[in-house]
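File shown: work_34.cif (mmCIF, C-alpha atoms).
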data_input
loop_
_atom_site.label_atom_id
_atom_site.label_comp_id
_atom_site.auth_asym_id
_atom_site.auth_seq_id
_atom_site.Cartn_x
_atom_site.Cartn_y
_atom_site.Cartn_z
CA MET A 1 22.01 41.08 2.38
CA ASN A 2 25.36 40.33 3.89
CA PRO A 3 27.27 38.17 1.41
CA ASP A 4 28.97 36.23 4.20
CA ARG A 5 25.65 35.30 5.66
CA TYR A 6 24.42 34.35 2.22
CA MET A 7 27.39 32.10 1.54
CA ALA A 8 27.24 30.54 4.96
CA HIS A 9 25.24 27.48 3.88
CA ASN A 10 27.02 24.51 2.50
CA GLY A 11 26.23 20.96 1.55
CA GLY A 12 22.48 21.11 1.21
CA TRP A 13 22.66 18.06 -1.04
CA VAL A 14 23.96 15.99 1.87
CA ILE A 15 20.83 16.77 3.85
CA ILE A 16 18.63 15.94 0.89
CA LEU A 17 20.53 12.74 0.15
CA SER A 18 20.30 11.56 3.76
CA LEU A 19 16.55 12.18 3.69
CA ILE A 20 16.20 10.32 0.41
CA LEU A 21 18.02 7.37 1.96
CA ALA A 22 15.73 7.55 4.97
CA PHE A 23 12.70 7.43 2.66
CA MET A 24 14.15 4.42 0.89
CA PHE A 25 14.82 2.64 4.17
CA THR A 26 11.22 3.29 5.11
CA ALA A 27 10.03 1.65 1.92
CA ILE A 28 12.21 -1.46 2.07
CA PRO A 29 9.94 -4.48 2.22
CA LEU A 30 10.26 -6.38 5.49
CA PRO A 31 9.14 -9.80 6.65
CA ASP A 32 5.95 -9.81 8.67
CA TRP A 33 7.56 -10.09 12.09
CA ALA A 34 9.76 -7.05 11.45
CA ILE A 35 7.11 -4.66 10.20
CA ASN A 36 6.37 -3.39 13.68
CA LEU A 37 10.05 -2.98 14.45
CA GLN A 38 10.63 -0.57 11.57
CA PRO A 39 12.29 2.49 13.13
CA ALA A 40 11.03 5.93 12.18
CA TRP A 41 13.90 6.58 9.79
CA VAL A 42 12.68 9.82 8.31
CA ALA A 43 11.79 11.25 11.70
CA MET A 44 15.20 10.33 13.11
CA VAL A 45 17.15 11.88 10.25
CA MET A 46 14.95 14.95 10.40
CA ILE A 47 15.46 15.31 14.14
CA TYR A 48 19.20 15.03 13.61
CA TRP A 49 19.29 17.84 11.08
CA CYS A 50 16.94 19.96 13.20
CA MET A 51 19.32 19.50 16.08
CA ALA A 52 22.53 20.03 14.18
CA LEU A 53 21.41 22.82 11.88
CA PRO A 54 18.33 24.39 13.44
CA ASP A 55 18.64 27.42 11.18
CA ARG A 56 18.37 25.26 8.06
CA VAL A 57 15.93 22.48 8.82
CA GLY A 58 12.90 23.73 10.66
CA ILE A 59 9.19 23.26 10.97
CA GLY A 60 8.47 24.15 7.34
CA ALA A 61 10.94 21.62 6.04
CA ALA A 62 9.59 19.02 8.45
CA TRP A 63 6.08 19.68 7.19
CA ALA A 64 7.15 19.26 3.56
CA ILE A 65 9.04 16.06 4.40
CA GLY A 66 6.01 14.75 6.23
CA LEU A 67 3.78 15.50 3.27
CA LEU A 68 6.06 13.51 0.99
CA LEU A 69 6.08 10.69 3.53
CA ASP A 70 2.28 10.72 3.46
CA VAL A 71 2.28 10.40 -0.30
CA GLN A 72 4.82 7.61 -0.18
CA GLN A 73 3.05 5.68 2.54
CA GLY A 74 -0.46 6.24 1.27
CA SER A 75 -1.68 7.68 4.56
CA VAL A 76 -4.06 10.61 4.69
CA LEU A 77 -2.34 13.79 3.49
CA GLY A 78 -1.02 15.74 6.45
CA GLN A 79 -0.80 12.90 8.93
CA HIS A 80 2.97 12.62 8.98
CA ALA A 81 3.25 16.30 8.07
CA ILE A 82 1.66 17.45 11.30
CA GLY A 83 3.51 14.82 13.31
CA LEU A 84 6.93 15.73 11.98
CA ALA A 85 6.21 19.45 12.25
CA MET A 86 5.34 19.01 15.95
CA VAL A 87 8.46 16.95 16.57
CA ALA A 88 10.55 19.52 14.71
CA TYR A 89 9.04 22.28 16.85
CA ILE A 90 9.98 20.51 20.07
CA THR A 91 13.43 19.70 18.75
CA LEU A 92 13.97 23.35 17.87
CA LYS A 93 12.88 24.31 21.37
CA SER A 94 15.27 21.90 23.02
CA TYR A 95 18.21 21.41 20.64
CA GLN A 96 20.65 23.35 22.78
CA ARG A 97 20.13 20.95 25.65
CA ILE A 98 19.97 17.73 23.64
CA ARG A 99 23.14 18.49 21.75
CA VAL A 100 25.22 18.29 24.92
CA PHE A 101 23.52 15.20 26.33
CA PRO A 102 25.54 11.98 26.36
CA LEU A 103 24.42 9.59 23.63
CA PRO A 104 22.31 7.22 25.78
CA GLN A 105 20.38 10.13 27.22
CA GLN A 106 19.95 11.58 23.75
CA ALA A 107 18.59 8.25 22.60
CA MET A 108 16.03 8.36 25.38
CA MET A 109 14.90 11.79 24.28
CA ILE A 110 14.55 10.44 20.73
CA CYS A 111 12.42 7.65 22.13
CA LEU A 112 10.15 10.29 23.65
CA TYR A 113 9.96 12.26 20.40
CA VAL A 114 9.10 9.20 18.37
CA LEU A 115 6.52 8.25 20.98
CA LEU A 116 4.99 11.68 20.52
CA LEU A 117 5.02 11.19 16.76
CA GLN A 118 3.42 7.76 17.10
CA PHE A 119 0.84 9.20 19.46
CA LEU A 120 -0.17 11.83 16.90
CA MET A 121 -0.32 9.12 14.21
CA LEU A 122 -2.50 6.98 16.45
CA TRP A 123 -4.77 9.89 17.17
CA ILE A 124 -5.31 10.68 13.50
CA LYS A 125 -5.72 7.03 12.55
CA GLY A 126 -8.18 6.62 15.37
CA MET A 127 -10.25 9.51 14.07
CA MET A 128 -10.38 7.86 10.66
CA GLY A 129 -11.28 4.50 12.10
CA VAL A 130 -8.17 2.61 11.03
CA ALA A 131 -6.58 2.29 14.46
CA PRO A 132 -3.83 -0.32 14.71
CA PRO A 133 -4.85 -3.58 16.31
CA ASN A 134 -2.17 -4.08 18.97
CA TRP A 135 0.43 -2.60 21.23
CA PHE A 136 3.26 -3.34 18.81
CA PHE A 137 2.29 -0.06 17.26
CA TRP A 138 4.62 1.66 19.74
CA MET A 139 7.64 -0.47 18.90
CA PRO A 140 9.21 2.03 16.45
CA ALA A 141 9.97 4.30 19.42
CA LEU A 142 12.05 1.55 21.00
CA THR A 143 13.91 0.56 17.84
CA SER A 144 14.52 4.21 17.00
CA MET A 145 16.01 4.66 20.44
CA LEU A 146 18.31 1.67 20.04
CA LEU A 147 19.48 2.80 16.61
CA TRP A 148 19.89 6.46 17.43
CA PRO A 149 23.52 6.38 18.70
CA TRP A 150 24.76 4.76 15.47
CA LEU A 151 22.69 7.00 13.27
CA PHE A 152 23.87 10.02 15.20
CA ILE A 153 27.55 9.11 14.86
CA ILE A 154 27.22 8.32 11.16
CA LEU A 155 25.36 11.52 10.36
CA ARG A 156 27.74 13.58 12.49
CA ASP A 157 30.77 12.19 10.69
CA ILE A 158 29.12 12.76 7.34
CA ARG A 159 28.27 16.30 8.36
CA ARG A 160 31.85 16.98 9.37
CA LYS A 161 33.35 15.32 6.33
CA PHE A 162 31.27 17.30 3.86
CA ARG A 163 31.27 20.40 6.06
CA VAL A 164 27.55 20.84 6.08
CA TYR A 165 26.63 23.94 8.02
CA MET B 1 -6.45 16.29 6.62
CA VAL B 2 -10.19 16.41 6.92
CA VAL B 3 -10.43 17.69 3.37
CA ASP B 4 -8.29 14.83 2.11
CA HIS B 5 -10.14 12.23 4.12
CA ARG B 6 -13.68 13.34 3.43
CA GLN B 7 -13.71 15.04 0.07
CA GLY B 8 -10.58 14.13 -1.80
CA HIS B 9 -9.99 17.56 -3.31
CA LEU B 10 -6.30 17.08 -2.64
CA ASP B 11 -5.96 14.15 -5.02
CA VAL B 12 -4.30 16.42 -7.54
CA VAL B 13 -1.70 17.48 -4.98
CA ARG B 14 -1.13 13.91 -4.01
CA ALA B 15 -0.77 12.83 -7.61
CA ALA B 16 1.74 15.59 -8.28
CA LEU B 17 3.78 14.77 -5.20
CA SER B 18 3.70 11.09 -6.01
CA THR B 19 5.68 11.88 -9.15
CA LEU B 20 8.44 13.06 -6.83
CA VAL B 21 8.22 10.00 -4.65
CA TYR B 22 7.90 7.41 -7.39
CA PRO B 23 11.63 7.31 -8.24
CA LEU B 24 12.30 6.35 -4.63
CA GLN B 25 9.76 3.56 -4.72
CA PHE B 26 11.19 2.47 -8.02
CA ALA B 27 14.71 2.44 -6.58
CA VAL B 28 13.65 0.36 -3.60
CA ASN B 29 11.86 -2.05 -5.89
CA LEU B 30 14.87 -2.31 -8.19
CA PRO B 31 16.97 -4.91 -6.32
CA VAL B 32 13.97 -7.21 -6.06
CA GLU B 33 13.23 -6.71 -9.72
CA VAL B 34 16.85 -7.33 -10.72
CA GLY B 35 16.93 -10.48 -8.61
CA ARG B 36 13.80 -11.73 -10.29
CA ARG B 37 15.11 -10.94 -13.76
CA LEU B 38 18.37 -12.71 -12.94
CA SER B 39 16.65 -15.79 -11.64
CA GLU B 40 14.52 -15.75 -14.78
CA THR B 41 17.61 -15.56 -16.96
CA LEU B 42 19.54 -18.20 -15.10
CA VAL B 43 16.98 -21.00 -15.17
CA THR B 44 17.96 -24.28 -16.77
CA GLN B 45 16.70 -25.43 -20.10
CA LYS B 46 15.10 -28.47 -18.49
CA PHE B 47 13.08 -26.25 -16.21
CA LEU B 48 11.97 -24.12 -19.13
CA ILE B 49 10.91 -27.14 -21.12
CA GLU B 50 8.95 -28.52 -18.19
CA GLU B 51 7.31 -25.18 -17.59
CA ASN B 52 6.53 -24.82 -21.26
CA ASN B 53 4.89 -28.22 -21.32
CA ARG B 54 2.86 -27.39 -18.27
CA PHE B 55 1.70 -24.13 -19.81
CA ARG B 56 0.79 -25.87 -23.04
CA GLU B 57 -1.33 -28.35 -21.16
CA GLU B 58 -2.95 -25.59 -19.16
CA HIS B 59 -3.58 -23.64 -22.33
CA GLN B 60 -5.28 -26.63 -23.93
CA LEU B 61 -7.43 -27.09 -20.88
CA MET B 62 -8.34 -23.43 -20.71
CA ASN B 63 -9.17 -23.37 -24.39
CA SER B 64 -11.49 -26.30 -24.09
CA LYS B 65 -13.18 -24.62 -21.15
CA LEU B 66 -13.37 -21.39 -23.08
CA GLN B 67 -15.16 -23.04 -25.97
CA ARG B 68 -17.94 -24.03 -23.66
CA PHE B 69 -17.80 -20.60 -22.10
CA VAL B 70 -18.32 -18.82 -25.40
CA ILE B 71 -21.40 -20.90 -26.08
CA LEU B 72 -22.68 -20.30 -22.57
CA GLU B 73 -22.04 -16.60 -22.90
CA GLU B 74 -24.07 -16.45 -26.09
CA GLU B 75 -26.84 -18.49 -24.59
CA ASN B 76 -26.85 -16.39 -21.45
CA LYS B 77 -27.02 -13.21 -23.48
CA ARG B 78 -29.94 -14.57 -25.50
CA LEU B 79 -31.78 -15.62 -22.36
CA ARG B 80 -31.17 -12.26 -20.76
CA GLN B 81 -32.44 -10.52 -23.87
CA LEU B 82 -35.56 -12.62 -23.61
CA LEU B 83 -35.89 -11.55 -20.01
CA GLY B 84 -35.29 -7.95 -20.97
CA SER B 85 -32.38 -7.38 -18.62
CA SER B 86 -29.01 -6.20 -19.68
CA ILE B 87 -25.65 -7.28 -18.41
CA ARG B 88 -22.22 -6.53 -19.64
CA PHE B 89 -19.77 -9.33 -19.98
CA LYS B 90 -16.97 -7.61 -21.73
CA GLU B 91 -14.51 -5.61 -19.75
CA ARG B 92 -11.21 -3.97 -20.42
CA ILE B 93 -8.35 -5.50 -18.48
CA LEU B 94 -4.73 -4.46 -17.96
CA ILE B 95 -1.93 -6.27 -16.17
CA ALA B 96 -0.10 -4.34 -13.46
CA GLU B 97 2.84 -5.36 -11.32
CA LEU B 98 3.19 -4.90 -7.62
CA LEU B 99 6.10 -2.83 -6.35
CA SER B 100 7.85 -4.39 -3.39
CA VAL B 101 7.71 -1.39 -1.12
CA GLU B 102 6.53 -1.03 2.43
CA LEU B 103 3.56 1.26 2.88
CA GLU B 104 1.75 2.43 5.96
CA PRO B 105 2.00 -0.31 8.59
CA HIS B 106 -1.19 -1.86 9.99
CA ARG B 107 -3.05 -1.22 6.78
CA GLN B 108 -3.56 -3.53 3.88
CA LEU B 109 -2.12 -1.42 1.10
CA VAL B 110 -0.01 -2.31 -1.91
CA GLU B 111 1.48 -0.20 -4.65
CA ILE B 112 1.26 -1.07 -8.34
CA ASN B 113 3.18 0.27 -11.29
CA LYS B 114 0.26 1.66 -13.28
CA GLY B 115 -1.09 5.16 -12.86
CA PHE B 116 -3.45 7.50 -14.65
CA ARG B 117 -1.13 7.57 -17.62
CA GLU B 118 -2.39 4.08 -18.28
CA GLY B 119 -5.95 5.11 -17.52
CA ALA B 120 -6.21 3.89 -13.94
CA TYR B 121 -8.66 5.84 -11.82
CA ASP B 122 -9.68 6.26 -8.21
CA GLY B 123 -11.89 3.44 -7.05
CA GLN B 124 -10.94 1.13 -9.87
CA PRO B 125 -11.38 -2.55 -9.05
CA VAL B 126 -8.27 -4.74 -8.99
CA VAL B 127 -8.49 -8.50 -9.35
CA ASP B 128 -6.14 -11.41 -9.86
CA ALA B 129 -6.55 -14.75 -11.58
CA SER B 130 -8.52 -16.19 -8.70
CA GLY B 131 -10.53 -13.35 -7.23
CA VAL B 132 -11.02 -9.77 -6.15
CA ILE B 133 -7.97 -8.07 -4.66
CA GLY B 134 -9.16 -4.58 -3.85
CA GLN B 135 -9.55 -1.13 -5.29
CA ILE B 136 -7.31 1.78 -6.13
CA ILE B 137 -7.43 4.57 -3.58
CA HIS B 138 -4.68 6.95 -4.68
CA VAL B 139 -3.71 7.23 -8.29
CA GLY B 140 -0.54 8.99 -9.44
CA PRO B 141 0.92 9.40 -12.90
CA PHE B 142 3.12 6.30 -12.76
CA SER B 143 1.87 4.31 -9.82
CA SER B 144 -1.17 3.88 -7.66
CA LYS B 145 -2.00 2.51 -4.24
CA VAL B 146 -4.43 -0.35 -3.89
CA LEU B 147 -6.52 -0.90 -0.80
CA LEU B 148 -6.93 -4.65 -0.30
CA ILE B 149 -10.32 -6.10 0.55
CA THR B 150 -8.85 -7.26 3.88
CA ASP B 151 -8.24 -3.71 5.14
CA PRO B 152 -10.51 -2.90 8.07
CA SER B 153 -11.80 0.18 6.28
CA HIS B 154 -12.83 -1.76 3.18
CA ALA B 155 -16.30 -3.14 2.60
CA LEU B 156 -17.41 -5.01 -0.47
CA PRO B 157 -20.95 -5.86 -1.57
CA VAL B 158 -21.08 -9.59 -2.19
CA GLN B 159 -23.54 -12.39 -2.63
CA VAL B 160 -23.51 -16.11 -2.06
CA ASN B 161 -23.09 -17.78 -5.41
CA ARG B 162 -25.38 -20.69 -4.57
CA ASN B 163 -28.52 -18.74 -3.75
CA GLY B 164 -27.81 -15.06 -4.41
CA LEU B 165 -28.02 -14.06 -0.76
CA ARG B 166 -26.57 -10.56 -0.46
CA ALA B 167 -24.15 -9.41 2.21
CA ILE B 168 -21.32 -7.01 2.88
CA ALA B 169 -17.80 -8.40 3.24
CA VAL B 170 -15.70 -6.29 5.58
CA GLY B 171 -11.95 -6.60 6.01
CA THR B 172 -10.46 -7.51 9.36
CA GLY B 173 -6.86 -6.41 8.93
CA GLN B 174 -5.71 -10.01 8.73
CA ALA B 175 -4.49 -11.15 5.36
CA ASN B 176 -6.67 -14.26 5.16
CA ASN B 177 -9.93 -13.25 6.75
CA LEU B 178 -13.05 -11.28 5.84
CA LEU B 179 -16.29 -11.01 7.76
CA LEU B 180 -19.80 -11.04 6.35
CA GLN B 181 -21.77 -8.51 8.32
CA HIS B 182 -25.36 -8.49 9.44
CA LEU B 183 -26.36 -11.94 8.28
CA PRO B 184 -29.21 -13.28 10.43
CA THR B 185 -28.54 -16.49 12.31
CA ASN B 186 -31.04 -18.38 10.17
CA ALA B 187 -29.59 -17.28 6.82
CA ASP B 188 -29.09 -20.03 4.28
CA ILE B 189 -25.32 -20.34 4.22
CA HIS B 190 -22.92 -23.20 4.67
CA GLU B 191 -19.21 -23.54 5.12
CA GLY B 192 -17.52 -23.78 1.76
CA ASP B 193 -20.05 -21.59 -0.07
CA LEU B 194 -18.51 -19.46 -2.78
CA ILE B 195 -18.89 -15.71 -2.30
CA ILE B 196 -18.88 -13.52 -5.40
CA SER B 197 -18.98 -9.77 -5.86
CA SER B 198 -22.55 -8.60 -6.39
CA GLY B 199 -21.79 -5.41 -8.29
CA LEU B 200 -24.31 -3.50 -6.22
CA GLY B 201 -21.90 -0.79 -5.12
CA HIS B 202 -21.41 -0.04 -8.80
CA ARG B 203 -17.71 -0.10 -8.23
CA PHE B 204 -16.80 -3.77 -8.55
CA PRO B 205 -18.11 -5.67 -11.52
CA ARG B 206 -20.52 -8.47 -10.82
CA GLY B 207 -19.49 -12.07 -10.57
CA TYR B 208 -15.86 -12.07 -9.53
CA PRO B 209 -15.08 -14.62 -6.83
CA VAL B 210 -14.28 -13.06 -3.48
CA GLY B 211 -13.76 -16.05 -1.24
CA THR B 212 -15.23 -19.10 0.38
CA ILE B 213 -16.94 -19.25 3.74
CA SER B 214 -14.51 -20.74 6.22
CA SER B 215 -16.51 -20.74 9.41
CA ILE B 216 -19.91 -19.78 10.75
CA THR B 217 -20.14 -19.05 14.45
CA LEU B 218 -23.52 -18.70 16.08
CA GLU B 219 -23.25 -16.95 19.38
CA PRO B 220 -26.24 -17.27 21.65
CA GLY B 221 -27.57 -13.82 22.37
CA ALA B 222 -26.04 -12.23 19.28
CA HIS B 223 -28.42 -11.03 16.59
CA PHE B 224 -26.20 -11.88 13.70
CA ALA B 225 -24.10 -14.87 12.80
CA LYS B 226 -20.35 -14.38 12.67
CA VAL B 227 -19.41 -15.52 9.20
CA ALA B 228 -15.73 -15.66 8.28
CA VAL B 229 -14.62 -15.76 4.65
CA THR B 230 -11.24 -16.81 3.28
CA PRO B 231 -10.37 -14.65 0.26
CA SER B 232 -9.80 -16.65 -2.88
CA ALA B 233 -7.37 -14.13 -4.38
CA LYS B 234 -3.77 -14.70 -3.38
CA LEU B 235 -3.51 -11.39 -1.59
CA THR B 236 -0.09 -11.89 -0.10
CA GLN B 237 1.63 -13.87 -2.81
CA ASN B 238 0.87 -12.13 -6.04
CA ARG B 239 3.29 -10.22 -8.18
CA GLU B 240 0.87 -9.44 -10.95
CA VAL B 241 -2.64 -8.13 -10.69
CA LEU B 242 -5.30 -7.10 -13.21
CA LEU B 243 -6.89 -3.70 -13.42
CA VAL B 244 -10.47 -3.89 -14.58
CA TRP B 245 -12.53 -1.23 -16.34
CA PRO B 246 -15.94 -2.66 -15.56
CA TYR B 247 -18.16 -0.25 -17.39
CA GLU B 248 -16.14 0.19 -20.51
CA ILE B 249 -16.83 -2.21 -23.32
CA ASP B 250 -13.92 -3.28 -25.43
CA ASP B 251 -15.36 -5.06 -28.43
CA GLU B 252 -12.08 -6.67 -29.36
CA THR B 253 -11.79 -8.89 -26.33
CA THR B 254 -13.95 -11.52 -24.78
CA MET B 255 -13.71 -11.56 -21.03
CA GLY B 256 -10.70 -13.58 -19.98
CA ALA B 257 -9.81 -14.62 -23.48
CA GLU B 258 -7.46 -11.84 -24.36
CA VAL B 259 -5.75 -9.44 -22.10
CA ALA B 260 -4.16 -6.18 -23.15
CA MET B 261 -0.52 -6.89 -22.50
CA ASN B 262 1.11 -3.65 -21.63
CA ARG B 263 4.44 -4.03 -19.97
#
Let me see the file written as structure tokens.
Amino acid sequence: MNPDRYMAHNGGWVIILSLILAFMFTAIPLPDWAINLQPAWVAMVMIYWCMALPDRVGIGAAWAIGLLLDVQQGSVLGQHAIGLAMVAYITLKSYQRIRVFPLPQQAMMICLYVLLLQFLMLWIKGMMGVAPPNWFFWMPALTSMLLWPWLFIILRDIRRKFRVY
Amino acid sequence: MVVDHRQGHLDVVRAALSTLVYPLQFAVNLPVEVGRRLSETLVTQKFLIEENNRFREEHQLMNSKLQRFVILEEENKRLRQLLGSSIRFKERILIAELLSVELEPHRQLVEINKGFREGAYDGQPVVDASGVIGQIIHVGPFSSKVLLITDPSHALPVQVNRNGLRAIAVGTGQANNLLLQHLPTNADIHEGDLIISSGLGHRFPRGYPVGTISSITLEPGAHFAKVAVTPSAKLTQNREVLLVWPYEIDDETTMGAEVAMNR
């Protein structure tokens, strides 16, 4: 193996730390009115890393992250895993385009991705008979979209500062 | 997913992974916990004295009630022996604390800080001081997830305390509402009737209060009455819950009299 290629990765702990923070944000208790507004933190952070470092964070990593999310949230094992893996797949297919989009347009793409994720969640929940009661179920896509520009800038600066590549 | 949903062979995997996740949950819970500890430390002496007095009074009251209870328990046991039926009154109980973490939205789930290291098991009933809370659905080494009785996927065999009429209480997804299913329109029930767990599912012990009937709606044309029940347990306010081992007899304790304090 080429030693340069082997040494090429740096700052894996930053990725892991950002994901840990995303998990913690997901678990923060919220008042009742805000529960439906909870953005898909883990999905957003994962999409960012998929986009920025597609050779490091891929479908396998997304699946593992999703599995952990399932355990944390108490949903059926594999629910978030399959959702995040699908989203990661699409991100990997399209990262070259999304990267050069202006931020608002990027945010709209994120909205679509989170909608896809929510759709898969809804599908699985529906099959198990625990479908959500109202349309607010789709709200995370909107809040994720609104928060994406800030998250993107923060993660990008962190990535540059710690030279994660 | 199907395997996890239908058979539960993956519980081991889930339990192992939950060890990884638990530190996160713990960390999220920490600020809340610290805040609570602080507010406990910083209370005034006057408040403590008042609280102490209140507890003493309550204790006296409880004790006097318990005296009668002990006699009743003995009498009941004797009568049941005469009848030739057996019932177990003594159960092992353990206090668990809720973690303030957000779980899957749109489901009535909570996480508690006791896992199989403390002997918790899948399907274990969880109650509080005033009624049934739910049952454990995922158990990890340090923590477990409790499905509340108000979750739409939860059903609980109950009976009306007044006349022993059996029914199934199904969750609605709202925190203060259960529905009694398939009760005929002419069933003998009234608003305000106490609903207790019937123990028929062999999962929940018999005789824990579940709720009171809040409304009965008779719709013309419908075969069954729509009976709404308000849970008596404080599902959304509690910090501490009790794990119950219903079919394990602990000779040391009388039900409700002593509780294994394990904090």
Write out as a PDB file with C-alpha atoms, in the frame of the given file the residues lying within 10 Å of A:Pro104, counting only C-alpha atoms and excluding same-chain residues fewer than 3 positions away.
ATOM      1  CA  PHE A 101      23.520  15.200  26.330  1.00  0.00           C
ATOM      2  CA  ALA A 107      18.590   8.250  22.600  1.00  0.00           C
ATOM      3  CA  MET A 108      16.030   8.360  25.380  1.00  0.00           C
ATOM      4  CA  MET A 109      14.900  11.790  24.280  1.00  0.00           C
ATOM      5  CA  ILE A 110      14.550  10.440  20.730  1.00  0.00           C
ATOM      6  CA  MET A 145      16.010   4.660  20.440  1.00  0.00           C
ATOM      7  CA  LEU A 146      18.310   1.670  20.040  1.00  0.00           C
ATOM      8  CA  TRP A 148      19.890   6.460  17.430  1.00  0.00           C
ATOM      9  CA  PRO A 149      23.520   6.380  18.700  1.00  0.00           C
TER      10      PRO A 149
END
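Using only C-alpha atoms, the smallest distance between any of B:Leu38, B:Ala169, B:Val21, B:Val244 and B:Gly119 comes from B:Val244.
Going from atom CA of A:Gln96 to atom CA of A:Asn10 covers 21.3 Å.
Here atom CA of B:Val70 and atom CA of B:Glu91 stand 14.9 Å from one another.
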Sorted by chain and rising residue number, which residues of chain A lie within 6 Å of chain B, and what are their closest atom pairs and distances in Å to one decimal, counting all atoms listed in the file, as a Markdown table?
| residue | atom | partner | partner_atom | distance |
| --- | --- | --- | --- | --- |
| A:Ala27 | CA | B:Glu102 | CA | 4.4 |
| A:Ile28 | CA | B:Val101 | CA | 5.5 |
| A:Pro29 | CA | B:Glu102 | CA | 4.9 |
| A:Val71 | CA | B:Ser18 | CA | 5.9 |
| A:Gln73 | CA | B:Leu103 | CA | 4.5 |
| A:Leu77 | CA | B:Met1 | CA | 5.7 |
| A:Gly78 | CA | B:Met1 | CA | 5.5 |
| A:Pro132 | CA | B:His106 | CA | 5.6 |
Report task. Using the chain letters and residue numbers of this document, give as a ChimeraX atom specification the residues selected by the PyMOL selection byres ((chain A and resi 62-66) around 6). Result -> /A:59-61,67-69,80-81,84-85
Need the shell around stretch 150-153 of chain A: protein/DNA/RNA residues with any atom at most 9 Å away, counting all atoms listed in the file. Skip same-chain ones fewer than 4 positions apart. Format as a tab-separated table (two decimals) with C-alpha atoms, in the frame of the given file?
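Everything below was put into result.tsv:
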chain	number	residue	atom	x	y	z
A	44	MET	CA	15.20	10.33	13.11
A	45	VAL	CA	17.15	11.88	10.25
A	48	TYR	CA	19.20	15.03	13.61
A	103	LEU	CA	24.42	9.59	23.63
A	146	LEU	CA	18.31	1.67	20.04
A	157	ASP	CA	30.77	12.19	10.69
A	158	ILE	CA	29.12	12.76	7.34
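The residues returned by the PyMOL selection byres ((chain A and resi 13) around 12) for this structure are His9, Asn10, Gly11, Gly12, Val14, Ile15, Ile16, Leu17, Ser18, Leu19, Ile20, Ile158, Arg159, Phe162, Arg163, Val164 and Tyr165 of chain A.
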Query - atom CA of B:Val160 to atom CA of B:Leu200, straight-line distance in Å - result: 13.3 Å
Give, as lines of an AutoDock Vina configuration file, the centre coordinates and the x, y and z edge lengths in Å to one decimal for an axis-aligned box around all listed atoms of stretch 84-93 of chain A, padded by 5 Å on each side.
center_x = 9.7
center_y = 20.0
center_z = 16.7
size_x = 18.6
size_y = 18.6
size_z = 19.4
Query - Selection result of the PyMOL selection byres ((chain A and resi 113) around 10) on this file, as a list in words - result: Ala43, Met44, Ile47, Gly83, Leu84, Met86, Val87, Ala88, Ile90, Thr91, Ala107, Met108, Met109, Ile110, Cys111, Leu112, Val114, Leu115, Leu116, Leu117, Gln118, Phe119, Ala141, Ser144 and Met145 of chain A
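Using all atoms listed in the file, the smallest distance between any of A:Ile35, A:Met127, A:Met51, A:Leu30 and A:Val100 comes from A:Met51.
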Give me stretch 63-70 of chain B with N, CA, C and O atoms filled in, as a PDB file, in the coordinates of the input.
ATOM      1  N   ASN B  63      -8.495 -23.566 -23.108  1.00  0.00           N
ATOM      2  CA  ASN B  63      -9.170 -23.370 -24.390  1.00  0.00           C
ATOM      3  C   ASN B  63     -10.430 -24.200 -24.469  1.00  0.00           C
ATOM      4  O   ASN B  63     -11.479 -23.726 -24.908  1.00  0.00           O
ATOM      5  N   SER B  64     -10.312 -25.447 -24.013  1.00  0.00           N
ATOM      6  CA  SER B  64     -11.490 -26.300 -24.090  1.00  0.00           C
ATOM      7  C   SER B  64     -12.591 -25.753 -23.204  1.00  0.00           C
ATOM      8  O   SER B  64     -13.772 -25.798 -23.548  1.00  0.00           O
ATOM      9  N   LYS B  65     -12.173 -25.218 -22.031  1.00  0.00           N
ATOM     10  CA  LYS B  65     -13.180 -24.620 -21.150  1.00  0.00           C
ATOM     11  C   LYS B  65     -13.793 -23.389 -21.811  1.00  0.00           C
ATOM     12  O   LYS B  65     -14.990 -23.154 -21.728  1.00  0.00           O
ATOM     13  N   LEU B  66     -12.927 -22.634 -22.477  1.00  0.00           N
ATOM     14  CA  LEU B  66     -13.370 -21.390 -23.080  1.00  0.00           C
ATOM     15  C   LEU B  66     -14.384 -21.624 -24.175  1.00  0.00           C
ATOM     16  O   LEU B  66     -15.327 -20.847 -24.340  1.00  0.00           O
ATOM     17  N   GLN B  67     -14.192 -22.730 -24.908  1.00  0.00           N
ATOM     18  CA  GLN B  67     -15.160 -23.040 -25.970  1.00  0.00           C
ATOM     19  C   GLN B  67     -16.559 -23.133 -25.396  1.00  0.00           C
ATOM     20  O   GLN B  67     -17.504 -22.551 -25.908  1.00  0.00           O
ATOM     21  N   ARG B  68     -16.630 -23.908 -24.308  1.00  0.00           N
ATOM     22  CA  ARG B  68     -17.940 -24.030 -23.660  1.00  0.00           C
ATOM     23  C   ARG B  68     -18.410 -22.656 -23.180  1.00  0.00           C
ATOM     24  O   ARG B  68     -19.584 -22.320 -23.269  1.00  0.00           O
ATOM     25  N   PHE B  69     -17.453 -21.897 -22.680  1.00  0.00           N
ATOM     26  CA  PHE B  69     -17.800 -20.600 -22.100  1.00  0.00           C
ATOM     27  C   PHE B  69     -18.409 -19.671 -23.143  1.00  0.00           C
ATOM     28  O   PHE B  69     -19.382 -18.971 -22.873  1.00  0.00           O
ATOM     29  N   VAL B  70     -17.814 -19.692 -24.340  1.00  0.00           N
ATOM     30  CA  VAL B  70     -18.320 -18.820 -25.400  1.00  0.00           C
ATOM     31  C   VAL B  70     -19.776 -19.165 -25.718  1.00  0.00           C
ATOM     32  O   VAL B  70     -20.641 -18.290 -25.845  1.00  0.00           O
TER      33      VAL B  70
END
